[in-house]
Every structure is written in structure tokens, then in C-alpha cells.
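Enquirer: File my_file05.cif follows (mmCIF, C-alpha atoms):
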data_my_file
#
loop_
_atom_site.group_PDB
_atom_site.id
_atom_site.type_symbol
_atom_site.label_atom_id
_atom_site.label_comp_id
_atom_site.auth_asym_id
_atom_site.auth_seq_id
_atom_site.Cartn_x
_atom_site.Cartn_y
_atom_site.Cartn_z
ATOM 1 C CA GLN A 1 -49.469 -8.473 -8.990
ATOM 2 C CA ILE A 2 -49.598 -11.726 -7.100
ATOM 3 C CA GLN A 3 -49.006 -12.484 -3.435
ATOM 4 C CA LEU A 4 -47.668 -15.799 -2.191
ATOM 5 C CA VAL A 5 -47.780 -17.155 1.332
ATOM 6 C CA GLU A 6 -45.939 -20.328 2.299
ATOM 7 C CA SER A 7 -46.753 -22.387 5.352
ATOM 8 C CA GLY A 8 -46.176 -25.820 6.800
ATOM 9 C CA GLY A 9 -42.513 -25.718 7.695
ATOM 10 C CA GLY A 10 -41.156 -26.961 10.977
ATOM 11 C CA LEU A 11 -38.628 -29.050 12.858
ATOM 12 C CA VAL A 12 -38.776 -32.793 12.266
ATOM 13 C CA GLN A 13 -36.543 -35.816 12.599
ATOM 14 C CA ALA A 14 -34.961 -37.580 9.653
ATOM 15 C CA GLY A 15 -37.426 -39.872 7.935
ATOM 16 C CA ALA A 16 -40.448 -37.780 8.828
ATOM 17 C CA SER A 17 -42.811 -35.956 6.490
ATOM 18 C CA LEU A 18 -43.999 -32.404 6.056
ATOM 19 C CA ARG A 19 -46.442 -30.778 3.698
ATOM 20 C CA LEU A 20 -45.753 -27.242 2.577
ATOM 21 C CA SER A 21 -48.459 -25.010 1.165
ATOM 22 C CA CYS A 22 -48.189 -22.048 -1.148
ATOM 23 C CA ALA A 23 -51.339 -19.957 -1.332
ATOM 24 C CA ALA A 24 -51.594 -17.435 -4.148
ATOM 25 C CA SER A 25 -53.793 -14.367 -4.333
ATOM 26 C CA GLY A 26 -54.098 -11.360 -6.592
ATOM 27 C CA ARG A 27 -54.635 -13.165 -9.872
ATOM 28 C CA THR A 28 -55.433 -16.576 -11.212
ATOM 29 C CA LEU A 29 -52.706 -19.126 -11.845
ATOM 30 C CA GLY A 30 -54.180 -20.548 -15.021
ATOM 31 C CA ASN A 31 -51.238 -19.679 -17.280
ATOM 32 C CA SER A 32 -48.532 -19.767 -14.630
ATOM 33 C CA ASP A 33 -45.677 -21.967 -13.572
ATOM 34 C CA VAL A 34 -45.313 -22.384 -9.818
ATOM 35 C CA GLY A 35 -41.953 -23.390 -8.448
ATOM 36 C CA TRP A 36 -40.497 -24.382 -5.104
ATOM 37 C CA PHE A 37 -36.939 -23.445 -4.282
ATOM 38 C CA ARG A 38 -34.850 -23.754 -1.165
ATOM 39 C CA GLN A 39 -31.852 -22.035 0.311
ATOM 40 C CA ALA A 40 -29.656 -23.413 3.045
ATOM 41 C CA PRO A 41 -27.273 -21.208 5.046
ATOM 42 C CA GLY A 42 -24.222 -20.314 3.003
ATOM 43 C CA LYS A 43 -25.608 -21.889 -0.161
ATOM 44 C CA GLU A 44 -27.271 -20.590 -3.269
ATOM 45 C CA ARG A 45 -30.979 -20.899 -3.843
ATOM 46 C CA GLU A 46 -31.703 -24.175 -5.587
ATOM 47 C CA PHE A 47 -34.597 -25.622 -7.515
ATOM 48 C CA VAL A 48 -36.770 -28.208 -5.785
ATOM 49 C CA ALA A 49 -39.900 -28.737 -7.888
ATOM 50 C CA ALA A 50 -42.285 -26.927 -10.193
ATOM 51 C CA ILE A 51 -45.685 -27.384 -11.757
ATOM 52 C CA ARG A 52 -47.222 -25.918 -14.886
ATOM 53 C CA TRP A 53 -50.696 -24.952 -13.717
ATOM 54 C CA SER A 54 -52.452 -25.348 -17.051
ATOM 55 C CA THR A 55 -51.296 -28.898 -17.722
ATOM 56 C CA GLY A 56 -50.232 -30.234 -14.342
ATOM 57 C CA ILE A 57 -46.841 -31.209 -15.743
ATOM 58 C CA THR A 58 -44.195 -31.277 -13.015
ATOM 59 C CA SER A 59 -40.421 -31.125 -12.686
ATOM 60 C CA TYR A 60 -38.345 -32.285 -9.738
ATOM 61 C CA ALA A 61 -34.742 -31.904 -8.745
ATOM 62 C CA ASP A 62 -32.878 -35.204 -8.764
ATOM 63 C CA SER A 63 -32.214 -34.844 -5.053
ATOM 64 C CA VAL A 64 -35.927 -34.982 -4.213
ATOM 65 C CA LYS A 65 -37.338 -37.294 -6.897
ATOM 66 C CA GLY A 66 -39.288 -40.117 -5.347
ATOM 67 C CA ARG A 67 -39.546 -38.315 -2.000
ATOM 68 C CA PHE A 68 -41.307 -35.033 -2.779
ATOM 69 C CA THR A 69 -44.628 -34.695 -4.592
ATOM 70 C CA LEU A 70 -46.409 -31.630 -5.905
ATOM 71 C CA SER A 71 -50.158 -31.222 -6.004
ATOM 72 C CA ARG A 72 -52.531 -28.326 -6.494
ATOM 73 C CA ASP A 73 -55.965 -27.135 -5.502
ATOM 74 C CA ASN A 74 -57.466 -25.054 -8.287
ATOM 75 C CA ALA A 75 -60.285 -23.686 -6.158
ATOM 76 C CA LYS A 76 -57.869 -22.457 -3.498
ATOM 77 C CA SER A 77 -55.077 -21.381 -5.869
ATOM 78 C CA THR A 78 -52.769 -23.379 -3.662
ATOM 79 C CA VAL A 79 -49.836 -25.630 -4.428
ATOM 80 C CA TYR A 80 -48.712 -28.294 -1.982
ATOM 81 C CA LEU A 81 -45.286 -29.838 -1.656
ATOM 82 C CA GLN A 82 -45.501 -33.171 0.135
ATOM 83 C CA MET A 83 -42.079 -34.028 1.499
ATOM 84 C CA ASP A 84 -41.502 -37.585 2.657
ATOM 85 C CA SER A 85 -38.423 -39.390 3.935
ATOM 86 C CA LEU A 86 -36.850 -36.098 4.899
ATOM 87 C CA LYS A 87 -33.095 -35.917 5.325
ATOM 88 C CA PRO A 88 -30.896 -33.437 7.210
ATOM 89 C CA ASP A 89 -29.710 -32.187 3.798
ATOM 90 C CA ASP A 90 -33.270 -30.986 3.141
ATOM 91 C CA THR A 91 -32.853 -28.357 5.856
ATOM 92 C CA ALA A 92 -33.397 -24.938 4.287
ATOM 93 C CA VAL A 93 -35.801 -22.078 3.869
ATOM 94 C CA TYR A 94 -38.332 -23.116 1.254
ATOM 95 C CA TYR A 95 -39.773 -20.524 -1.100
ATOM 96 C CA CYS A 96 -42.530 -20.737 -3.642
ATOM 97 C CA ALA A 97 -42.470 -18.599 -6.736
ATOM 98 C CA VAL A 98 -44.689 -17.823 -9.705
ATOM 99 C CA ASP A 99 -43.754 -16.572 -13.128
ATOM 100 C CA ARG A 100 -45.580 -13.891 -15.103
ATOM 101 C CA GLY A 101 -47.556 -16.498 -16.993
ATOM 102 C CA LEU A 102 -47.968 -17.253 -20.672
ATOM 103 C CA PRO A 103 -50.858 -18.990 -22.424
ATOM 104 C CA LEU A 104 -50.694 -22.169 -24.449
ATOM 105 C CA ARG A 105 -47.337 -23.400 -23.210
ATOM 106 C CA THR A 106 -46.286 -27.000 -23.571
ATOM 107 C CA GLY A 107 -43.521 -29.007 -21.957
ATOM 108 C CA SER A 108 -42.145 -28.883 -18.449
ATOM 109 C CA PRO A 109 -41.926 -25.833 -16.191
ATOM 110 C CA PRO A 110 -38.525 -24.153 -15.905
ATOM 111 C CA THR A 111 -36.090 -24.832 -13.117
ATOM 112 C CA SER A 112 -34.146 -21.561 -13.081
ATOM 113 C CA PRO A 113 -35.102 -19.125 -10.323
ATOM 114 C CA ASN A 114 -34.430 -16.266 -12.739
ATOM 115 C CA VAL A 115 -37.593 -17.103 -14.651
ATOM 116 C CA TYR A 116 -39.852 -16.628 -11.660
ATOM 117 C CA THR A 117 -41.076 -13.139 -10.843
ATOM 118 C CA TYR A 118 -43.141 -13.354 -7.674
ATOM 119 C CA TRP A 119 -41.772 -14.869 -4.490
ATOM 120 C CA GLY A 120 -43.098 -15.683 -1.069
ATOM 121 C CA HIS A 121 -41.250 -14.955 2.156
ATOM 122 C CA GLY A 122 -40.325 -18.571 2.752
ATOM 123 C CA THR A 123 -40.900 -21.186 5.419
ATOM 124 C CA GLN A 124 -38.165 -22.856 7.439
ATOM 125 C CA VAL A 125 -37.728 -26.616 7.269
ATOM 126 C CA THR A 126 -35.281 -28.166 9.704
ATOM 127 C CA VAL A 127 -34.543 -31.885 9.686
ATOM 128 C CA SER A 128 -32.558 -33.288 12.581
ATOM 129 C CA SER A 129 -30.518 -36.454 12.369
#
Take the structure in the file and write it out as C-alpha cells.
Expert:
Amino acid sequence: QIQLVESGGGLVQAGASLRLSCAASGRTLGNSDVGWFRQAPGKEREFVAAIRWSTGITSYADSVKGRFTLSRDNAKSTVYLQMDSLKPDDTAVYYCAVDRGLPLRTGSPPTSPNVYTYWGHGTQVTVSS
């Protein structure tokens, strides 16, 4: 079992930056994929970004490429989502998620939320225009 806690959300103006954190506990992330998803009111949960812990390979949604950046801290089992040039359309609850983990994987982490097993409770990001 793994527990995830997101933090760092808030209310900012368009063009500002925020850094979200996802701290994991309960097991190591060595063979895991860690994803960020978001859900706006009345919309389905959508993929934002993901990182394959073992290789550091990342994936980003087209809507955030060039603005959002993933990083990780191995010692803290924490993933960070740096969000720059925020837009009102980025307003949503942001969730991090971890899959069950598999060793020796290659390629990019998946973008479907169905693949991820463990979810945090989310952190609200609101961007005003």
C-alpha cells in the first residue's frame, strides 16, 4: 500500500507560477510511474504529466508542454510539478497517482488514469484572469 499527499495548490493570477508536491510513503517508488492528473468542475479527469521513476523519462499533455516541468527527489520520495505561465484553463483539482510498479520497464509512462492504482486527495489550483 502507498499513501500520497499533494500540496502546493492555491489561488494565483494568470501568468504566475506554482509548484505542486506529491509525497509518497508506504513503499519505495523505484519501479513506479507517478502521474499528475487534474479535474475541473463538470469535466473528466485528464492527464497532465507523468514520470517513470526508474529512468526519469517524462510525458506531458500537449496543453502543458513548455509550461509545466516534473522533477523528483529520490531521498524524499517526492515528485514536484512546477507550473509556470499559468492560465485560467489550468484551474482544477490536481491529483497525483502511482501505479503498482513493474521492474525493468522502458519507454514513457502511461497517460491513462486507469493504469494508476493509488491516488492522493488532490490540491486545488485556481488561476484568475
Enquirer: Would you kindly translate the PyMOL selection byres ((chain A and resi 30-46) around 7) into the concrete residues it picks from this file, as a PyMOL selection string?
Expert: chain A and resi 28-29+47-54+91-103+109
Enquirer: Using all atoms listed in the file, determine which residues lie at most 6 Å from segment 8-11 of chain A, disregarding the query and same-chain residues fewer than 3 positions distant; provide the list as a list in words.
Expert: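 The neighbour list is Arg19, Leu20, Thr123, Gln124, Val125, Thr126 and Val127 of chain A.
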Enquirer: Please write the residues picked by the PyMOL selection byres ((chain A and resi 62) around 12) on this file as number ranges by chain.
Expert: A: 46-49, 59-61, 63-68, 111
Enquirer: Near segment 72-87 of chain A, counting only C-alpha atoms, which residues have an atom at most 6 Å away, once you skip same-chain residues fewer than 3 positions from it, shown as a VMD selection string?
Expert: chain A and resid 14 to 24 67 to 69 90
Enquirer: Between atom CA of Ser7 of chain A and atom CA of Thr55 of chain A, what distance in Å does the model show, to one decimal?
Expert: 24.4 Å
Enquirer: Do you have the atom CA of Glu6 of chain A-atom CA of Gly122 of chain A distance handy?
Expert: 5.9 Å
Enquirer: Excluding Gln1 of chain A and its own-chain neighbours fewer than 6 positions away, which residues fall within 9 Å of it when counting all atoms listed in the file? Please give them as a list in words.
Expert: Ser25, Gly26, Arg27 and Tyr118 of chain A
Enquirer: May I ask for the distance between atom CA of Pro110 of chain A and atom CA of Val12 of chain A, given in Å to one decimal place?
Expert: 29.5 Å
